[in-house]
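Encoded as structure tokens, the structure appears first; notes follow it.
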Amino acid sequence: MKRNVFTSSALALVISAASSSVFAADVGSGIIEFNGDVNTGACTVAPSSVNKQVDLGSVAAASLQTAGSQGPVSDFVLELTNCIMDPTASGTDFSKVSVTFTGQMEAAGNLWANTGTADNVGVQFQDPNGNNLASGSTVEQNLRAGGNTINLSARMASLGNATAGTVKSTVAYVLDYQ
């Protein structure tokens, strides 16, 4: 009788284990995709600079009523890391980088186009020396081994009679090592 109870218990356990996998609920699944690239440049663009977000702050529409009036400057950097300047180690002989900026400009003036909801406001984008950058402009900088930063700045600027709303402008950049 003890053997019969043990056999029945073992059989119940096996059936229970098998049926739980048959009736298990799918609780979710997914895919993980890893991306990257191997480049021929002297440096790597830091992850924080790949899709850079620059906060231009909040500026009262009343302070942007006159064409040319501006909001406060927001300084930021494009960061290059792991710069290898030894031609033997890198296989290249680069000593500087040129950064070319492209995007949509406002029809009037030298401001980058605002795709946000505020009217008559653009973005003034400047190089390290305070010169305005337009689409197609290039900033050059000498490189050093290790890390390098390219200092830039931006701010809201009025085309006259600005209205309240969001300000958004997108600028693409390409690095060219020389």
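Each chain in the structure tokens gets a letter, A, B, ..., in the order shown, and its residues are numbered from 1; ligands are numbered from 1 in order too.
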What's around Pro47 of chain A at 12 Å? Count only C-alpha atoms, leave out sequence neighbours fewer than 2 positions away in its own chain, and write the answer as a PDB file with N, CA and C atoms, in the first residue's frame.
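around_37.pdb was written with the following content:
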ATOM      1  N   GLY A  36      26.706  49.623 -33.393  1.00  0.00           N
ATOM      2  CA  GLY A  36      27.926  50.390 -33.220  1.00  0.00           C
ATOM      3  C   GLY A  36      28.633  50.464 -34.550  1.00  0.00           C
ATOM      4  N   THR A  44      36.571  59.235 -30.964  1.00  0.00           N
ATOM      5  CA  THR A  44      35.215  58.729 -30.853  1.00  0.00           C
ATOM      6  C   THR A  44      34.342  59.859 -30.328  1.00  0.00           C
ATOM      7  N   VAL A  45      33.149  60.030 -30.905  1.00  0.00           N
ATOM      8  CA  VAL A  45      32.210  61.021 -30.377  1.00  0.00           C
ATOM      9  C   VAL A  45      31.623  60.446 -29.093  1.00  0.00           C
ATOM     10  N   SER A  49      27.322  63.351 -26.725  1.00  0.00           N
ATOM     11  CA  SER A  49      27.354  64.324 -27.821  1.00  0.00           C
ATOM     12  C   SER A  49      26.745  63.795 -29.116  1.00  0.00           C
ATOM     13  N   VAL A  50      26.384  62.516 -29.155  1.00  0.00           N
ATOM     14  CA  VAL A  50      25.844  61.940 -30.388  1.00  0.00           C
ATOM     15  C   VAL A  50      24.512  62.591 -30.747  1.00  0.00           C
ATOM     16  N   ASN A  51      23.567  62.605 -29.856  1.00  0.00           N
ATOM     17  CA  ASN A  51      22.268  63.263 -30.052  1.00  0.00           C
ATOM     18  C   ASN A  51      22.112  64.300 -28.950  1.00  0.00           C
ATOM     19  N   LYS A  52      22.818  65.368 -29.085  1.00  0.00           N
ATOM     20  CA  LYS A  52      22.943  66.411 -28.053  1.00  0.00           C
ATOM     21  C   LYS A  52      21.624  67.153 -27.862  1.00  0.00           C
ATOM     22  N   GLN A  53      21.244  67.358 -26.615  1.00  0.00           N
ATOM     23  CA  GLN A  53      20.083  68.173 -26.256  1.00  0.00           C
ATOM     24  C   GLN A  53      20.596  69.428 -25.559  1.00  0.00           C
ATOM     25  N   LEU A  78      30.640  69.742 -27.703  1.00  0.00           N
ATOM     26  CA  LEU A  78      30.689  68.447 -28.372  1.00  0.00           C
ATOM     27  C   LEU A  78      31.969  67.803 -27.869  1.00  0.00           C
ATOM     28  N   GLU A  79      31.845  66.610 -27.352  1.00  0.00           N
ATOM     29  CA  GLU A  79      32.985  65.961 -26.715  1.00  0.00           C
ATOM     30  C   GLU A  79      33.498  64.804 -27.569  1.00  0.00           C
ATOM     31  N   LEU A  80      34.798  64.821 -27.813  1.00  0.00           N
ATOM     32  CA  LEU A  80      35.473  63.739 -28.520  1.00  0.00           C
ATOM     33  C   LEU A  80      36.356  63.008 -27.515  1.00  0.00           C
ATOM     34  N   THR A  81      36.305  61.691 -27.525  1.00  0.00           N
ATOM     35  CA  THR A  81      37.073  60.899 -26.567  1.00  0.00           C
ATOM     36  C   THR A  81      37.986  59.916 -27.298  1.00  0.00           C
TER      37      THR A  81
END
| task | Please provide the set of residues having any atom within 6 Å of Gly160 of chain A, restricted to only C-alpha atoms, with same-chain residues fewer than 2 positions apart removed, written as a list in words. | result |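 The contact residues come out as Gln65, Thr66, Ala67, Ser158 and Ala162 of chain A.
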| field | 12 Å contact set for segment 108-118 of chain A, only C-alpha atoms, chain neighbours under 2 positions out, as a PyMOL selection string | value | chain A and resi 58-61+64+67-68+70+101-106+120-126+131-137+154-172
Write a file of the just-selected residues containing C-alpha atoms, as a PDB file, in the first residue's frame.
ATOM      1  CA  SER A  58      12.337  79.860 -20.900  1.00  0.00           C
ATOM      2  CA  VAL A  59      12.201  83.427 -22.209  1.00  0.00           C
ATOM      3  CA  ALA A  60       9.215  85.785 -21.908  1.00  0.00           C
ATOM      4  CA  ALA A  61       7.647  86.621 -25.284  1.00  0.00           C
ATOM      5  CA  LEU A  64      11.532  89.051 -27.725  1.00  0.00           C
ATOM      6  CA  ALA A  67      13.839  91.948 -34.054  1.00  0.00           C
ATOM      7  CA  GLY A  68      17.334  90.977 -32.947  1.00  0.00           C
ATOM      8  CA  GLN A  70      17.922  87.580 -27.659  1.00  0.00           C
ATOM      9  CA  PHE A 101      26.920  71.976 -39.372  1.00  0.00           C
ATOM     10  CA  THR A 102      23.832  71.687 -41.586  1.00  0.00           C
ATOM     11  CA  GLY A 103      20.129  72.285 -41.132  1.00  0.00           C
ATOM     12  CA  GLN A 104      17.242  74.565 -41.983  1.00  0.00           C
ATOM     13  CA  MET A 105      17.712  78.317 -41.620  1.00  0.00           C
ATOM     14  CA  GLU A 106      15.033  81.010 -41.176  1.00  0.00           C
ATOM     15  CA  ASN A 120       9.055  84.752 -35.109  1.00  0.00           C
ATOM     16  CA  VAL A 121      11.775  83.116 -33.020  1.00  0.00           C
ATOM     17  CA  GLY A 122      14.854  81.299 -34.278  1.00  0.00           C
ATOM     18  CA  VAL A 123      18.021  79.903 -32.767  1.00  0.00           C
ATOM     19  CA  GLN A 124      21.306  81.776 -32.898  1.00  0.00           C
ATOM     20  CA  PHE A 125      24.126  79.214 -32.964  1.00  0.00           C
ATOM     21  CA  GLN A 126      27.711  80.355 -32.339  1.00  0.00           C
ATOM     22  CA  ASN A 131      30.700  84.041 -34.542  1.00  0.00           C
ATOM     23  CA  ASN A 132      27.282  83.037 -35.858  1.00  0.00           C
ATOM     24  CA  LEU A 133      27.131  79.651 -37.542  1.00  0.00           C
ATOM     25  CA  ALA A 134      24.878  79.146 -40.562  1.00  0.00           C
ATOM     26  CA  SER A 135      24.104  75.920 -42.400  1.00  0.00           C
ATOM     27  CA  GLY A 136      27.313  74.768 -44.081  1.00  0.00           C
ATOM     28  CA  SER A 137      29.545  76.549 -41.546  1.00  0.00           C
ATOM     29  CA  ALA A 154      23.128  78.885 -28.692  1.00  0.00           C
ATOM     30  CA  ARG A 155      20.245  81.122 -27.704  1.00  0.00           C
ATOM     31  CA  MET A 156      16.795  82.169 -28.830  1.00  0.00           C
ATOM     32  CA  ALA A 157      16.676  85.244 -31.037  1.00  0.00           C
ATOM     33  CA  SER A 158      13.700  87.240 -32.255  1.00  0.00           C
ATOM     34  CA  LEU A 159      12.669  88.018 -35.803  1.00  0.00           C
ATOM     35  CA  GLY A 160      10.271  90.607 -34.274  1.00  0.00           C
ATOM     36  CA  ASN A 161       6.902  90.212 -32.517  1.00  0.00           C
ATOM     37  CA  ALA A 162       7.639  86.784 -31.058  1.00  0.00           C
ATOM     38  CA  THR A 163       4.716  84.746 -29.780  1.00  0.00           C
ATOM     39  CA  ALA A 164       4.703  82.286 -26.892  1.00  0.00           C
ATOM     40  CA  GLY A 165       5.288  78.615 -27.632  1.00  0.00           C
ATOM     41  CA  THR A 166       8.020  76.033 -27.901  1.00  0.00           C
ATOM     42  CA  VAL A 167      11.354  76.550 -29.643  1.00  0.00           C
ATOM     43  CA  LYS A 168      12.997  73.609 -31.377  1.00  0.00           C
ATOM     44  CA  SER A 169      15.708  73.529 -34.009  1.00  0.00           C
ATOM     45  CA  THR A 170      17.744  70.619 -35.307  1.00  0.00           C
ATOM     46  CA  VAL A 171      21.332  70.907 -36.481  1.00  0.00           C
ATOM     47  CA  ALA A 172      23.246  67.968 -37.950  1.00  0.00           C
TER      48      ALA A 172
END
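Considering the residues A:Phe76, A:Asn35, A:Val27, A:Asn129 and counting only C-alpha atoms, Ser48 of chain A has its shortest atom-to-atom contact with A:Phe76.
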| request: Just list the residues in segment 116-158 of chain A DSSP gives strand (DSSP E) on the backbone, as a list in words. | output: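 Going through segment 116-158 of chain A, the strand (DSSP E) residues come out as Val121, Gly122, Val123, Gln124, Phe125, Gln126, Thr138, Val139, Glu140, Gln141, Asn142, Gly146, Gly147, Asn148, Thr149, Ile150, Asn151, Leu152, Ser153, Ala154, Arg155, Met156, Ala157 and Ser158 of chain A.
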| query | Skipping near chain neighbours, those fewer than 4 positions away, what residues fall within 7 Å of Thr138 of chain A using only C-alpha atoms, listed as a PyMOL selection string? | reply | chain A and resi 98-101
With N, CA and C atoms kept, could you save the residues just selected as a PDB file, in the first residue's frame?
ATOM      1  N   SER A  98      37.554  69.127 -38.385  1.00  0.00           N
ATOM      2  CA  SER A  98      36.621  70.145 -38.874  1.00  0.00           C
ATOM      3  C   SER A  98      35.218  69.613 -38.631  1.00  0.00           C
ATOM      4  N   VAL A  99      34.365  70.443 -38.058  1.00  0.00           N
ATOM      5  CA  VAL A  99      32.984  70.062 -37.803  1.00  0.00           C
ATOM      6  C   VAL A  99      32.106  70.940 -38.685  1.00  0.00           C
ATOM      7  N   THR A 100      31.338  70.320 -39.570  1.00  0.00           N
ATOM      8  CA  THR A 100      30.444  71.058 -40.466  1.00  0.00           C
ATOM      9  C   THR A 100      29.013  70.869 -39.990  1.00  0.00           C
ATOM     10  N   PHE A 101      28.292  71.976 -39.877  1.00  0.00           N
ATOM     11  CA  PHE A 101      26.920  71.976 -39.372  1.00  0.00           C
ATOM     12  C   PHE A 101      25.950  72.232 -40.520  1.00  0.00           C
TER      13      PHE A 101
END
| request: Write down as a VMD selection string the residues belonging to segment 3-178 of chain A that are assigned alpha helix (DSSP H) by DSSP computed on the backbone. | output: chain A and resid 3 to 22 47 to 50 87 to 90
Kindly export the residues of the current selection with N, CA and C atoms, as a JSON list (two decimals), in the first residue's frame.
[["chain", "number", "residue", "atom", "x", "y", "z"],
["A", 3, "ARG", "N", 3.77, 1.51, -1.24],
["A", 3, "ARG", "CA", 4.35, 1.62, -2.57],
["A", 3, "ARG", "C", 3.35, 2.23, -3.53],
["A", 4, "ASN", "N", 2.11, 1.89, -3.41],
["A", 4, "ASN", "CA", 1.05, 2.40, -4.27],
["A", 4, "ASN", "C", 0.86, 3.90, -4.07],
["A", 5, "VAL", "N", 0.91, 4.39, -2.83],
["A", 5, "VAL", "CA", 0.77, 5.82, -2.53],
["A", 5, "VAL", "C", 1.96, 6.58, -3.11],
["A", 6, "PHE", "N", 3.16, 5.99, -2.96],
["A", 6, "PHE", "CA", 4.35, 6.64, -3.49],
["A", 6, "PHE", "C", 4.27, 6.73, -5.02],
["A", 7, "THR", "N", 3.84, 5.66, -5.67],
["A", 7, "THR", "CA", 3.72, 5.65, -7.13],
["A", 7, "THR", "C", 2.68, 6.66, -7.57],
["A", 8, "SER", "N", 1.57, 6.73, -6.90],
["A", 8, "SER", "CA", 0.51, 7.69, -7.24],
["A", 8, "SER", "C", 0.99, 9.11, -7.04],
["A", 9, "SER", "N", 1.73, 9.36, -5.97],
["A", 9, "SER", "CA", 2.26, 10.70, -5.70],
["A", 9, "SER", "C", 3.27, 11.10, -6.75],
["A", 10, "ALA", "N", 4.16, 10.19, -7.12],
["A", 10, "ALA", "CA", 5.18, 10.49, -8.13],
["A", 10, "ALA", "C", 4.51, 10.76, -9.47],
["A", 11, "LEU", "N", 3.53, 9.98, -9.83],
["A", 11, "LEU", "CA", 2.81, 10.17, -11.08],
["A", 11, "LEU", "C", 2.10, 11.51, -11.09],
["A", 12, "ALA", "N", 1.49, 11.89, -10.01],
["A", 12, "ALA", "CA", 0.80, 13.18, -9.91],
["A", 12, "ALA", "C", 1.79, 14.33, -10.05],
["A", 13, "LEU", "N", 2.96, 14.17, -9.46],
["A", 13, "LEU", "CA", 3.99, 15.20, -9.54],
["A", 13, "LEU", "C", 4.48, 15.37, -10.98],
["A", 14, "VAL", "N", 4.71, 14.29, -11.70],
["A", 14, "VAL", "CA", 5.17, 14.34, -13.09],
["A", 14, "VAL", "C", 4.10, 14.99, -13.97],
["A", 15, "ILE", "N", 2.86, 14.61, -13.82],
["A", 15, "ILE", "CA", 1.76, 15.18, -14.61],
["A", 15, "ILE", "C", 1.61, 16.66, -14.31],
["A", 16, "SER", "N", 1.71, 17.02, -13.05],
["A", 16, "SER", "CA", 1.59, 18.42, -12.64],
["A", 16, "SER", "C", 2.70, 19.26, -13.25],
["A", 17, "ALA", "N", 3.93, 18.77, -13.24],
["A", 17, "ALA", "CA", 5.07, 19.52, -13.80],
["A", 17, "ALA", "C", 4.90, 19.67, -15.30],
["A", 18, "ALA", "N", 4.47, 18.63, -15.97],
["A", 18, "ALA", "CA", 4.30, 18.69, -17.43],
["A", 18, "ALA", "C", 3.16, 19.63, -17.80],
["A", 19, "SER", "N", 2.07, 19.59, -17.07],
["A", 19, "SER", "CA", 0.93, 20.42, -17.43],
["A", 19, "SER", "C", 1.17, 21.89, -17.12],
["A", 20, "SER", "N", 2.01, 22.20, -16.14],
["A", 20, "SER", "CA", 2.26, 23.61, -15.83],
["A", 20, "SER", "C", 3.01, 24.28, -16.97],
["A", 21, "SER", "N", 3.88, 23.53, -17.67],
["A", 21, "SER", "CA", 4.58, 24.15, -18.80],
["A", 21, "SER", "C", 3.64, 24.30, -19.98],
["A", 22, "VAL", "N", 2.67, 23.43, -20.11],
["A", 22, "VAL", "CA", 1.70, 23.54, -21.20],
["A", 22, "VAL", "C", 0.79, 24.74, -20.98],
["A", 47, "PRO", "N", 29.16, 59.47, -26.17],
["A", 47, "PRO", "CA", 27.73, 59.19, -26.24],
["A", 47, "PRO", "C", 26.86, 60.41, -25.91],
["A", 48, "SER", "N", 27.31, 61.25, -24.99],
["A", 48, "SER", "CA", 26.52, 62.44, -24.60],
["A", 48, "SER", "C", 26.48, 63.49, -25.71],
["A", 49, "SER", "N", 27.32, 63.35, -26.73],
["A", 49, "SER", "CA", 27.35, 64.32, -27.82],
["A", 49, "SER", "C", 26.75, 63.80, -29.12],
["A", 50, "VAL", "N", 26.38, 62.52, -29.16],
["A", 50, "VAL", "CA", 25.84, 61.94, -30.39],
["A", 50, "VAL", "C", 24.51, 62.59, -30.75],
["A", 87, "PRO", "N", 50.46, 58.06, -35.13],
["A", 87, "PRO", "CA", 50.21, 57.41, -36.42],
["A", 87, "PRO", "C", 50.52, 55.92, -36.43],
["A", 88, "THR", "N", 51.47, 55.50, -35.63],
["A", 88, "THR", "CA", 51.82, 54.08, -35.57],
["A", 88, "THR", "C", 50.68, 53.28, -34.95],
["A", 89, "ALA", "N", 50.07, 53.81, -33.90],
["A", 89, "ALA", "CA", 48.99, 53.11, -33.20],
["A", 89, "ALA", "C", 47.66, 53.20, -33.95],
["A", 90, "SER", "N", 47.38, 54.36, -34.56],
["A", 90, "SER", "CA", 46.07, 54.57, -35.18],
["A", 90, "SER", "C", 46.05, 54.29, -36.67]]
| Which one of A:Cys43, A:Ile32, A:Ala107, A:Val77 sits closest to Thr92 of chain A if you count only C-alpha atoms? |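 Selected residue with least distance to Thr92 of chain A: A:Cys43.
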| request: Provide the atom CA of Asn151 of chain A to atom CA of Asp127 of chain A distance in Å, to one decimal place. | output: 7.0 Å
| task | Name the closest residue to Ala42 of chain A among the candidates A:Asn142, A:Ser69, A:Ser63, A:Ser29; distances are taken between atoms, counting only C-alpha atoms. | result |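 Once distances to Ala42 of chain A are computed over only C-alpha atoms, the minimum belongs to A:Asn142.
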| Which of A:Pro128, A:Lys96, A:Ile84, A:Tyr177 sits closest to Gln141 of chain A [using only C-alpha atoms] |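 Among A:Pro128, A:Lys96, A:Ile84, A:Tyr177, it is A:Lys96 that comes nearest to Gln141 of chain A.
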| message | Which residue is closest to Asp93 of chain A? Choose from A:Leu143, A:Ile150, A:Val54, A:Val73 and count only C-alpha atoms. | response |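 Closest to Asp93 of chain A of all the choices is A:Leu143.
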| said: Rounded to one decimal, what separation in Å do you get between atom CA of Val139 of chain A and atom CA of Leu56 of chain A? | reply: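 Pair atom CA of Val139 of chain A / atom CA of Leu56 of chain A returns 21.3 Å.
Between atom CA of Glu140 of chain A and atom CA of Asn82 of chain A lies a distance of 18.4 Å.
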